[in-house]
$ cat model-v1.cif   # mmCIF, C-alpha atoms
data_work
loop_
_atom_site.label_atom_id
_atom_site.label_comp_id
_atom_site.auth_asym_id
_atom_site.auth_seq_id
_atom_site.Cartn_x
_atom_site.Cartn_y
_atom_site.Cartn_z
CA MET A 638 0.00 0.00 0.00
CA PRO A 639 1.20 3.57 -0.70
CA SER A 640 2.03 5.92 2.13
CA ALA A 641 0.98 9.57 2.11
CA PRO A 642 3.55 12.32 2.66
CA SER A 643 3.00 15.11 5.16
CA PRO A 644 1.34 17.60 5.13
CA LEU A 645 -1.18 16.82 2.35
CA LEU A 646 -2.68 13.85 4.18
CA GLN A 647 -2.41 13.04 7.88
CA ILE A 648 -5.39 10.75 8.30
CA SER A 649 -6.75 10.54 11.85
CA ARG A 650 -10.42 9.63 11.11
CA ILE A 651 -11.82 7.17 8.60
CA TYR A 652 -15.57 7.39 8.00
CA ALA A 653 -16.38 3.91 6.73
CA GLU A 654 -19.36 1.97 5.44
CA ASP A 655 -19.55 -1.56 6.84
CA ALA A 656 -19.60 -3.00 3.32
CA ALA A 657 -16.35 -1.21 2.48
CA LEU A 658 -14.64 -2.43 5.64
CA ALA A 659 -15.50 -6.00 4.68
CA LEU A 660 -13.65 -5.80 1.35
CA PRO A 661 -9.91 -6.46 0.95
CA ARG A 662 -9.20 -2.95 -0.33
CA GLY A 663 -11.04 -1.42 2.59
CA GLN A 664 -9.03 -3.52 5.02
CA GLU A 665 -5.79 -2.49 3.29
CA ILE A 666 -6.66 1.20 3.58
CA VAL A 667 -7.57 0.95 7.25
CA GLY A 668 -4.36 -0.97 7.86
CA ALA A 669 -2.32 1.83 6.29
CA TRP A 670 -3.47 4.21 9.08
CA PRO A 671 -3.57 1.96 12.17
CA ASP A 672 -3.90 4.89 14.57
CA ALA A 673 -6.91 6.43 12.78
CA GLU A 674 -10.31 6.39 14.47
CA ILE A 675 -12.87 4.34 12.51
CA VAL A 676 -16.24 6.10 12.41
CA PRO A 677 -19.06 3.87 11.08
CA VAL A 678 -21.40 5.60 8.61
CA ALA A 679 -24.48 4.38 6.77
CA SER A 680 -23.55 6.20 3.55
CA HIS A 681 -20.42 7.86 2.26
CA TRP A 682 -22.63 10.78 1.14
CA GLN A 683 -24.26 11.40 4.53
CA ILE A 684 -21.56 12.57 6.93
CA PRO A 685 -22.63 15.75 8.77
CA GLU A 686 -19.17 16.26 10.26
CA VAL A 687 -17.63 17.02 6.86
CA HIS A 688 -20.09 19.82 6.06
CA GLY A 689 -19.82 22.47 8.77
CA ASP A 690 -19.01 26.08 7.99
CA GLU A 691 -18.77 26.59 4.23
CA ALA A 692 -16.93 29.89 4.64
CA ASN A 693 -14.29 28.59 7.07
CA VAL A 694 -11.42 27.37 4.93
CA ARG A 695 -9.37 26.42 7.98
CA ARG A 696 -12.02 23.83 8.78
CA TRP A 697 -12.00 22.63 5.15
CA VAL A 698 -8.26 22.14 5.08
CA ARG A 699 -8.26 20.36 8.43
CA ILE A 700 -10.96 17.96 7.20
CA LYS A 701 -9.14 17.41 3.89
CA THR A 702 -5.94 16.62 5.77
CA GLU A 703 -7.31 14.46 8.59
CA ALA A 704 -10.47 12.78 7.26
CA LEU A 705 -10.85 9.92 4.79
CA VAL A 706 -14.13 8.40 3.66
CA LEU A 707 -14.35 4.74 2.72
CA GLY A 708 -17.35 3.55 0.73
CA VAL A 709 -18.68 1.21 -1.91
CA LYS A 710 -19.49 2.47 -5.40
CA LYS A 711 -23.17 1.61 -5.79
CA SER A 712 -23.62 2.42 -9.49
CA VAL A 713 -20.80 0.94 -11.55
CA ALA A 714 -21.37 2.35 -15.04
CA THR A 715 -19.39 3.84 -17.91
CA ARG A 716 -20.72 6.95 -19.68
CA LEU A 717 -20.12 8.34 -23.14
CA ASN A 718 -18.07 11.54 -23.25
CA GLY A 719 -16.58 12.35 -26.66
CA ARG A 720 -14.67 15.47 -25.60
CA SER A 721 -11.54 14.82 -23.59
CA ALA A 722 -12.17 11.07 -23.56
CA ASP A 723 -14.40 8.62 -25.37
CA PHE A 724 -15.83 7.36 -22.07
CA ILE A 725 -16.01 8.33 -18.41
CA ALA A 726 -15.10 5.29 -16.33
CA PRO A 727 -16.80 4.60 -12.99
CA SER A 728 -15.06 6.52 -10.24
CA THR A 729 -12.75 4.75 -7.84
CA ALA A 730 -12.72 7.89 -5.66
CA ASN A 731 -14.20 11.35 -5.36
CA GLY A 732 -13.09 14.45 -3.53
CA CYS A 733 -9.62 15.88 -3.17
CA ALA A 734 -6.98 16.86 -0.64
CA MET A 735 -6.30 20.03 -2.63
CA ALA A 736 -8.47 23.16 -2.57
CA CYS A 737 -8.51 24.91 -5.96
CA ALA A 738 -10.69 28.00 -5.75
CA TYR A 739 -12.59 27.26 -8.97
CA CYS A 740 -13.30 23.55 -8.38
CA TYR A 741 -16.90 22.47 -9.07
CA VAL A 742 -16.72 19.17 -7.13
CA PRO A 743 -16.79 20.45 -3.49
CA ARG A 744 -20.38 21.68 -3.72
CA ARG A 745 -21.50 18.04 -3.56
CA LYS A 746 -19.77 17.30 -0.26
CA GLY A 747 -19.88 20.26 2.06
CA TYR A 748 -17.03 22.18 0.38
CA SER A 749 -14.43 20.56 2.63
CA ASN A 750 -14.69 17.67 0.13
CA PRO A 751 -12.34 15.08 1.67
CA VAL A 752 -11.30 12.11 -0.42
CA THR A 753 -13.76 9.23 -0.61
CA VAL A 754 -12.20 5.96 -1.75
CA PHE A 755 -14.35 3.15 -3.12
CA ALA A 756 -13.27 -0.25 -1.86
CA ASN A 757 -15.04 -2.36 -4.50
CA ILE A 758 -12.20 -1.96 -6.99
CA GLU A 759 -12.55 -5.55 -8.20
CA ALA A 760 -16.14 -4.95 -9.34
CA ILE A 761 -15.10 -1.70 -11.05
CA SER A 762 -12.18 -3.41 -12.80
CA ARG A 763 -14.36 -6.30 -14.01
CA HIS A 764 -16.90 -3.84 -15.40
CA LEU A 765 -14.22 -1.89 -17.25
CA ALA A 766 -12.63 -5.02 -18.70
CA ARG A 767 -15.99 -6.12 -20.07
CA HIS A 768 -16.72 -2.65 -21.45
CA ILE A 769 -13.33 -2.47 -23.21
CA SER A 770 -13.84 -5.93 -24.67
CA ARG A 771 -17.27 -5.01 -26.06
CA GLN A 772 -15.88 -1.97 -27.91
CA GLY A 773 -13.40 -3.97 -29.93
CA PRO A 774 -10.73 -2.07 -31.89
CA LYS A 775 -11.24 1.63 -32.61
CA THR A 776 -11.78 1.89 -36.36
CA GLU A 777 -12.01 5.68 -36.82
CA PRO A 778 -9.68 8.26 -35.27
CA ASN A 779 -11.19 11.13 -33.30
CA GLN A 780 -10.06 14.03 -31.11
CA CYS A 781 -9.68 11.71 -28.10
CA ASP A 782 -7.14 9.43 -29.76
CA PRO A 783 -6.41 8.17 -33.28
CA GLU A 784 -6.22 4.49 -32.32
CA ALA A 785 -7.36 3.70 -28.76
CA TRP A 786 -10.60 4.11 -26.85
CA VAL A 787 -9.83 6.62 -24.07
CA TYR A 788 -11.38 6.22 -20.61
CA ASP A 789 -11.19 9.10 -18.13
CA ILE A 790 -10.60 7.44 -14.75
CA GLY A 791 -10.44 10.63 -12.63
CA GLU A 792 -13.53 12.70 -13.35
CA ASN A 793 -14.24 13.69 -9.71
CA SER A 794 -10.84 13.33 -8.07
CA ASP A 795 -7.12 13.71 -8.72
CA CYS A 796 -5.69 10.25 -9.35
CA SER A 797 -2.16 11.29 -8.38
CA VAL A 798 -3.45 12.10 -4.90
CA ASP A 799 -5.72 9.02 -4.83
CA ALA A 800 -2.61 6.92 -5.43
CA LEU A 801 -1.22 8.16 -2.10
CA ILE A 802 -4.14 6.46 -0.35
CA SER A 803 -4.80 3.14 -2.08
CA ASP A 804 -3.78 0.94 -4.99
CA ASN A 805 -7.01 1.64 -6.91
CA VAL A 806 -5.33 3.82 -9.52
CA ARG A 807 -2.45 1.38 -9.90
CA ASP A 808 -4.92 -1.48 -10.43
CA LEU A 809 -6.56 0.45 -13.26
CA THR A 810 -3.18 1.31 -14.76
CA ASP A 811 -2.35 -2.40 -14.74
CA LEU A 812 -5.70 -3.19 -16.38
CA PHE A 813 -5.12 -0.73 -19.22
CA ARG A 814 -1.53 -1.89 -19.70
CA MET A 815 -3.06 -5.22 -20.71
CA SER A 816 -5.71 -3.59 -22.94
CA PRO A 817 -4.25 -2.93 -26.42
CA THR A 818 -7.42 -1.21 -27.67
CA ALA A 819 -7.85 1.26 -24.78
CA LYS A 820 -6.09 3.90 -22.69
CA ALA A 821 -6.70 5.34 -19.24
CA SER A 822 -6.55 9.12 -18.87
CA PHE A 823 -6.60 11.55 -15.97
CA ALA A 824 -5.77 15.19 -15.31
CA THR A 825 -3.64 16.09 -12.32
CA LYS A 826 -2.29 19.07 -10.41
CA TYR A 827 -0.11 16.96 -8.13
CA VAL A 828 3.25 15.38 -8.94
CA ASN A 829 3.34 11.91 -7.38
CA ARG A 830 6.67 10.39 -8.37
CA ASN A 831 5.68 7.00 -6.99
CA LEU A 832 3.80 6.56 -10.28
CA LEU A 833 7.12 6.48 -12.13
CA ASP A 834 7.63 2.86 -11.02
CA TRP A 835 4.35 1.53 -12.45
CA ASP A 836 5.33 0.57 -16.03
CA PRO A 837 2.16 1.77 -17.82
CA ALA A 838 3.52 0.77 -21.26
CA GLY A 839 1.99 3.80 -22.96
CA ARG A 840 -1.58 2.83 -22.00
CA THR A 841 -2.13 5.61 -19.43
CA ARG A 842 -2.31 9.27 -20.42
CA ILE A 843 -1.48 11.79 -17.71
CA ARG A 844 -2.66 15.33 -18.40
CA PHE A 845 -0.66 17.79 -16.32
CA SER A 846 -2.81 20.86 -15.69
CA LEU A 847 -0.92 24.09 -16.29
CA MET A 848 -1.64 27.79 -15.98
CA PRO A 849 0.59 30.85 -15.51
CA HIS A 850 2.56 30.78 -12.26
CA GLU A 851 1.11 33.90 -10.66
CA THR A 852 -2.47 32.86 -11.42
CA ALA A 853 -1.85 29.40 -9.98
CA LYS A 854 -0.41 30.86 -6.77
CA VAL A 855 -3.78 32.56 -6.18
CA THR A 856 -6.19 29.86 -7.35
CA ASP A 857 -4.43 26.44 -7.18
CA ILE A 858 -4.43 25.94 -3.42
CA ARG A 859 -2.41 23.02 -1.93
CA THR A 860 -1.29 21.78 -5.36
CA SER A 861 2.19 21.08 -6.74
CA PRO A 862 3.79 24.29 -8.06
CA ILE A 863 3.55 24.81 -11.81
CA ALA A 864 7.35 24.59 -12.19
CA GLU A 865 7.32 21.18 -10.50
CA ARG A 866 4.61 19.93 -12.89
CA ILE A 867 6.59 21.12 -15.92
CA ALA A 868 9.78 19.56 -14.58
CA ALA A 869 8.01 16.19 -14.21
CA ILE A 870 6.92 15.89 -17.85
CA ASP A 871 10.11 14.34 -19.21
CA ASP A 872 10.34 11.89 -16.31
CA PHE A 873 6.81 10.61 -16.84
CA VAL A 874 7.35 10.22 -20.57
CA ALA A 875 10.54 8.26 -19.85
CA ALA A 876 8.58 6.04 -17.44
CA GLY A 877 6.17 5.00 -20.19
CA TYR A 878 3.27 7.40 -19.79
CA GLU A 879 1.71 9.38 -22.56
CA VAL A 880 1.88 12.94 -21.24
CA HIS A 881 -0.46 15.66 -22.45
CA LEU A 882 -1.10 19.14 -21.08
CA ASN A 883 -4.37 20.38 -19.69
CA PHE A 884 -4.60 24.16 -20.04
CA SER A 885 -7.45 24.37 -17.59
CA PRO A 886 -9.05 26.50 -16.52
CA VAL A 887 -7.89 29.39 -18.69
CA ILE A 888 -8.56 32.48 -16.56
CA LEU A 889 -8.60 35.75 -18.46
CA THR A 890 -6.69 38.08 -16.17
CA PRO A 891 -5.62 41.56 -17.35
CA THR A 892 -2.16 40.16 -18.21
CA TRP A 893 -3.23 36.75 -19.47
CA ILE A 894 -1.68 37.01 -22.94
CA ALA A 895 1.77 37.95 -21.63
CA ASP A 896 1.50 35.36 -18.86
CA TRP A 897 0.55 32.52 -21.21
CA THR A 898 3.27 33.54 -23.65
CA ALA A 899 5.85 33.21 -20.90
CA LEU A 900 4.43 29.89 -19.67
CA LEU A 901 4.36 28.28 -23.12
CA ARG A 902 7.88 29.49 -23.81
CA GLU A 903 9.02 27.97 -20.49
CA VAL A 904 7.47 24.60 -21.35
CA ASN A 905 9.11 24.65 -24.78
CA GLU A 906 12.51 25.41 -23.28
CA THR A 907 12.20 22.85 -20.46
CA ILE A 908 10.92 19.60 -21.96
CA GLY A 909 12.90 17.32 -24.24
CA GLU A 910 12.35 16.14 -27.78
CA ARG A 911 10.81 12.82 -26.76
CA ALA A 912 8.11 14.61 -24.77
CA LYS A 913 7.52 17.09 -27.58
CA ALA A 914 7.08 14.31 -30.13
CA GLN A 915 4.00 12.97 -28.33
CA LEU A 916 2.66 16.25 -26.91
CA ALA A 917 -0.94 17.42 -27.19
CA CYS A 918 -3.15 19.64 -25.08
CA GLU A 919 -6.68 20.57 -24.11
CA ILE A 920 -7.90 24.15 -23.69
CA ILE A 921 -10.76 24.58 -21.23
CA MET A 922 -11.94 28.10 -20.47
CA LEU A 923 -13.07 28.96 -16.96
CA THR A 924 -16.62 28.21 -15.90
CA HIS A 925 -17.51 29.58 -12.48
CA ASN A 926 -20.56 29.30 -10.22
CA ASP A 927 -22.55 31.93 -8.35
CA ARG A 928 -22.80 29.88 -5.15
CA LEU A 929 -19.10 29.03 -5.14
CA HIS A 930 -18.40 32.73 -5.71
CA GLU A 931 -20.32 33.63 -2.55
CA VAL A 932 -18.53 30.94 -0.54
CA ASN A 933 -15.12 32.02 -1.83
CA LEU A 934 -15.76 35.63 -0.83
CA GLY A 935 -15.83 34.44 2.77
CA TRP A 936 -12.30 33.02 2.70
CA HIS A 937 -10.45 33.90 -0.49
CA PRO A 938 -11.69 37.16 -2.07
CA ARG A 939 -8.35 37.63 -3.82
CA GLY A 940 -9.12 34.54 -5.89
CA GLU A 941 -12.52 35.94 -6.81
CA ASP A 942 -10.85 39.06 -8.18
CA LEU A 943 -9.59 36.76 -10.95
CA LEU A 944 -12.51 34.33 -11.23
CA TRP A 945 -15.54 36.61 -11.00
CA THR A 946 -15.40 39.23 -13.76
CA PRO A 947 -19.02 40.09 -14.72
CA ALA A 948 -17.95 42.62 -17.36
CA ILE A 949 -16.77 39.76 -19.60
CA GLN A 950 -18.94 36.89 -18.29
CA GLU A 951 -22.50 35.73 -18.89
CA PRO A 952 -24.79 33.35 -16.97
CA LYS A 953 -25.40 29.78 -18.04
CA VAL A 954 -27.88 27.50 -16.28
CA SER A 955 -26.53 23.95 -16.13
CA GLN A 956 -28.56 20.77 -16.48
CA ASN A 957 -28.82 20.42 -12.70
CA GLY A 958 -30.18 23.95 -12.32
CA ALA A 959 -26.99 25.57 -11.02
CA VAL A 960 -26.28 29.09 -12.23
CA ASN A 961 -22.82 29.11 -13.80
CA VAL A 962 -20.97 31.94 -15.49
CA ARG A 963 -18.70 31.66 -18.50
CA TYR A 964 -16.89 34.14 -20.70
CA ARG A 965 -19.16 35.90 -23.15
CA HIS A 966 -19.27 34.90 -26.76
CA PRO A 967 -17.51 36.11 -28.93
CA TYR A 968 -15.05 37.17 -26.17
CA LYS A 969 -14.45 33.50 -25.36
CA ALA A 970 -14.02 32.57 -29.03
CA ASP A 971 -11.48 35.33 -29.51
CA ALA A 972 -9.54 34.21 -26.42
CA VAL A 973 -9.44 30.59 -27.61
CA ALA A 974 -8.20 31.72 -31.02
CA THR A 975 -5.53 33.88 -29.41
CA LEU A 976 -4.33 31.04 -27.18
CA ARG A 977 -4.19 28.68 -30.16
CA GLU A 978 -1.97 31.22 -31.94
CA LEU A 979 0.28 31.52 -28.89
CA ILE A 980 0.65 27.73 -28.70
CA ALA A 981 1.49 27.52 -32.40
CA ARG A 982 4.16 30.19 -31.97
CA GLU A 983 5.66 29.39 -28.56
CA LEU A 984 5.11 25.62 -28.26
CA PRO A 985 4.81 24.47 -31.88
CA SER A 986 5.21 20.78 -31.06
CA CYS A 987 1.96 20.81 -29.08
CA ARG A 988 -1.16 19.78 -30.96
CA VAL A 989 -4.44 21.25 -29.65
CA ARG A 990 -6.58 18.18 -29.22
CA TYR A 991 -9.65 19.78 -27.71
CA ALA A 992 -10.84 23.32 -26.90
CA PHE A 993 -13.96 24.31 -24.99
#
$ encode --input "model-v1.cif" --output "structure tokens"
Amino acid sequence: MPSAPSPLLQISRIYAEDAALALPRGQEIVGAWPDAEIVPVASHWQIPEVHGDEANVRRWVRIKTEALVLGVKKSVATRLNGRSADFIAPSTANGCAMACAYCYVPRRKGYSNPVTVFANIEAISRHLARHISRQGPKTEPNQCDPEAWVYDIGENSDCSVDALISDNVRDLTDLFRMSPTAKASFATKYVNRNLLDWDPAGRTRIRFSLMPHETAKVTDIRTSPIAERIAAIDDFVAAGYEVHLNFSPVILTPTWIADWTALLREVNETIGERAKAQLACEIIMLTHNDRLHEVNLGWHPRGEDLLWTPAIQEPKVSQNGAVNVRYRHPYKADAVATLRELIARELPSCRVRYAF
């Protein structure tokens, strides 16, 4: 089992469903923190202690650091995607130990949003193996990949952090290594060098999320510094990963063009030719949320100075009824076009695979 470094995770309480404790993976996780208090819960979604004061970030960070939730994934299903990946795989975890100011996931779990690990990894792996087998070979290339079916395995968590807690992510990496028609994929803001020993054989795509340094210092809370993420690219390529970049979210600050120019130039000057030969990226413009904006004002108003800019944003009601804001069209379209031009000029080896 992996061991978590301080200070990102110092687990002292494990909220656990009985069904998860009965499974081998649940027992392994509990064994990794023998001094942690085990708190029985009926459902991994219904834990009043992890909600608390939405505006008190000190409480959030304490919960993220000290609390772990252990559950069983009830609905094991794969969904169509077609944007970043062909399919969204069933989650093996949700939540995060990091605290990015723009993250949409915390609203579902009291904003403190500690990591929940699902112990029924064997059922999830069996489902995925059957799903991959049913697809057969990919016969037509698309923006996800020219040859392989791509499965996003980290939709609601950061797999690099999840791998500090359990072997779930490694089990999926092993599964895809033996799947010549499919690839795993996940975006990350955390450099976990333990993954370098996994031998993914090119069947796992890691998408390192990047943004300009100064913007990240304000919005990417508790994450690996941008320079550390860039420095890791060559090492992960050498270890057998496909490494792409995730320019997400693109936040249009007053100096964004100069800042992105400098960032792209830094990437181009830092990474080697082997990494450049396989490089591609996604561009995802910022989408924010009115409720998250109000919460953030209570603890991190400096972040909202960058994220909440009504003069260039417009409302968008999502399918679940939440009121989101996004950059106005054609302002957004112009920004995407400008960033594409910057990439072509400053990082010409990088193919833009997807922009939204």
$ atom_distance --input "model-v1.cif" --atom1 "atom CA of A:Trp897" --atom2 "atom CA of A:Ser822"
24.6 Å
$ residues_around --input "model-v1.cif" --residues "A:Lys826" --least-positions-apart "5" --cutoff "9 Å" --atoms "only C-alpha atoms" --output "list in words"
Met735, Asp795, Ser797, Val798, Arg844, Phe845, Ser846, Leu847, Asp857, Thr860, Ser861, Pro862, Ile863 and Arg866 of chain A
$ resolve_selection --input "model-v1.cif" --expression "the PyMOL selection byres ((chain A and resi 852-855) around 10)" --output "count of residues only"
28
$ resolve_selection --input "model-v1.cif" --expression "the PyMOL selection byres ((chain A and resi 703) around 7)" --output "short mmCIF file (atom, residue, chain, number, x, y, z; two decimals) with C-alpha atoms, in the frame of the given file"
data_model
loop_
_atom_site.label_atom_id
_atom_site.label_comp_id
_atom_site.auth_asym_id
_atom_site.auth_seq_id
_atom_site.Cartn_x
_atom_site.Cartn_y
_atom_site.Cartn_z
CA LEU A 646 -2.68 13.85 4.18
CA GLN A 647 -2.41 13.04 7.88
CA ILE A 648 -5.39 10.75 8.30
CA SER A 649 -6.75 10.54 11.85
CA ARG A 650 -10.42 9.63 11.11
CA ARG A 699 -8.26 20.36 8.43
CA ILE A 700 -10.96 17.96 7.20
CA LYS A 701 -9.14 17.41 3.89
CA THR A 702 -5.94 16.62 5.77
CA ALA A 704 -10.47 12.78 7.26
CA LEU A 705 -10.85 9.92 4.79
#
$ closest_residue --input "model-v1.cif" --among "A:Ser721, A:Asn961, A:Ser749, A:Asn829" --to "A:Trp945" --atoms "only C-alpha atoms"
A:Asn961
$ atom_distance --input "model-v1.cif" --atom1 "atom CA of A:Ile725" --atom2 "atom CA of A:Glu792"
7.1 Å
$ resolve_selection --input "model-v1.cif" --expression "the PyMOL selection byres ((chain A and resi 675-685) around 7)" --output "list in words"
Arg650, Ile651, Tyr652, Ala653, Glu654, Asp655, Ala673, Glu674, Glu686, Val687, His688, Val706, Leu707 and Gly708 of chain A
$ write_last_selection --input "model-v1.cif" --atoms "C-alpha atoms" --output "PDB file, in the coordinates of the input"
ATOM      1  CA  ARG A 650     -10.420   9.630  11.110  1.00  0.00           C
ATOM      2  CA  ILE A 651     -11.820   7.170   8.600  1.00  0.00           C
ATOM      3  CA  TYR A 652     -15.570   7.390   8.000  1.00  0.00           C
ATOM      4  CA  ALA A 653     -16.380   3.910   6.730  1.00  0.00           C
ATOM      5  CA  GLU A 654     -19.360   1.970   5.440  1.00  0.00           C
ATOM      6  CA  ASP A 655     -19.550  -1.560   6.840  1.00  0.00           C
ATOM      7  CA  ALA A 673      -6.910   6.430  12.780  1.00  0.00           C
ATOM      8  CA  GLU A 674     -10.310   6.390  14.470  1.00  0.00           C
ATOM      9  CA  GLU A 686     -19.170  16.260  10.260  1.00  0.00           C
ATOM     10  CA  VAL A 687     -17.630  17.020   6.860  1.00  0.00           C
ATOM     11  CA  HIS A 688     -20.090  19.820   6.060  1.00  0.00           C
ATOM     12  CA  VAL A 706     -14.130   8.400   3.660  1.00  0.00           C
ATOM     13  CA  LEU A 707     -14.350   4.740   2.720  1.00  0.00           C
ATOM     14  CA  GLY A 708     -17.350   3.550   0.730  1.00  0.00           C
TER      15      GLY A 708
END
$ residues_near_point --input "model-v1.cif" --point "(-11.8, 8.6, -29.3)" --cutoff "8 Å" --atoms "all atoms listed in the file" --output "ChimeraX atom specification"
/A:719,722-723,775,778-787
$ residues_around --input "model-v1.cif" --residues "A:Ser955" --least-positions-apart "6" --cutoff "12 Å" --atoms "all atoms listed in the file" --output "list in words"
Thr924, His925, Asn926, Asp927, Asn961, Val962 and Arg963 of chain A
$ closest_residue --input "model-v1.cif" --among "A:Ala726, A:Ala868, A:Val973, A:Leu832" --to "A:Pro639" --atoms "all atoms listed in the file"
A:Leu832
$ residues_around --input "model-v1.cif" --residues "A:His768" --least-positions-apart "6" --cutoff "12 Å" --atoms "all atoms listed in the file" --output "list in words"
Val713, Ala714, Thr715, Arg716, Leu717, Phe724, Ile725, Ala726, Pro727, Ile761, Ser762, Trp786, Val787, Tyr788, Phe813, Ser816, Thr818 and Ala819 of chain A
$ atom_distance --input "model-v1.cif" --atom1 "atom CA of A:Asp789" --atom2 "atom CA of A:Thr810"
11.7 Å
$ residues_near_point --input "model-v1.cif" --point "(-14.0, 13.8, -1.8)" --cutoff "9 Å" --atoms "only C-alpha atoms" --output "ChimeraX atom specification"
/A:701,705-706,730-734,742-743,745-746,749-754,793-794
$ decode --input "model-v1.cif" --residues "stretch 657-663 of chain A" --atoms "all heavy atoms" --output "compact mmCIF listing (two decimals), in the first residue's frame"
# COMPACT_ATOMS: atom_id res chain seq x y z
N ALA A 657 -17.71 -1.52 2.94
CA ALA A 657 -16.35 -1.21 2.48
C ALA A 657 -15.31 -1.83 3.40
O ALA A 657 -14.27 -2.33 2.94
CB ALA A 657 -16.17 0.30 2.41
N LEU A 658 -15.58 -1.83 4.69
CA LEU A 658 -14.64 -2.43 5.64
C LEU A 658 -14.50 -3.93 5.45
O LEU A 658 -13.47 -4.52 5.79
CB LEU A 658 -15.10 -2.15 7.08
CG LEU A 658 -14.94 -0.71 7.57
CD1 LEU A 658 -15.59 -0.56 8.94
CD2 LEU A 658 -13.47 -0.32 7.64
N ALA A 659 -15.53 -4.56 4.88
CA ALA A 659 -15.50 -6.00 4.68
C ALA A 659 -14.69 -6.42 3.45
O ALA A 659 -14.37 -7.60 3.31
CB ALA A 659 -16.93 -6.54 4.56
N LEU A 660 -14.36 -5.47 2.59
CA LEU A 660 -13.65 -5.80 1.35
C LEU A 660 -12.14 -5.71 1.55
O LEU A 660 -11.65 -4.93 2.38
CB LEU A 660 -14.08 -4.84 0.24
CG LEU A 660 -15.53 -5.01 -0.25
CD1 LEU A 660 -15.93 -3.84 -1.15
CD2 LEU A 660 -15.69 -6.33 -0.99
N PRO A 661 -11.37 -6.49 0.79
CA PRO A 661 -9.91 -6.46 0.95
C PRO A 661 -9.31 -5.07 0.81
O PRO A 661 -8.41 -4.70 1.58
CB PRO A 661 -9.42 -7.41 -0.15
CG PRO A 661 -10.55 -8.35 -0.38
CD PRO A 661 -11.79 -7.54 -0.17
N ARG A 662 -9.78 -4.27 -0.16
CA ARG A 662 -9.20 -2.95 -0.33
C ARG A 662 -9.52 -2.06 0.86
O ARG A 662 -8.67 -1.27 1.29
CB ARG A 662 -9.71 -2.34 -1.64
CG ARG A 662 -9.15 -0.96 -2.03
CD ARG A 662 -7.63 -0.85 -2.05
NE ARG A 662 -6.91 -1.98 -2.58
CZ ARG A 662 -6.60 -2.15 -3.86
NH1 ARG A 662 -6.98 -1.25 -4.76
NH2 ARG A 662 -5.92 -3.21 -4.25
N GLY A 663 -10.71 -2.18 1.40
CA GLY A 663 -11.04 -1.42 2.59
C GLY A 663 -10.16 -1.78 3.76
O GLY A 663 -9.68 -0.91 4.51
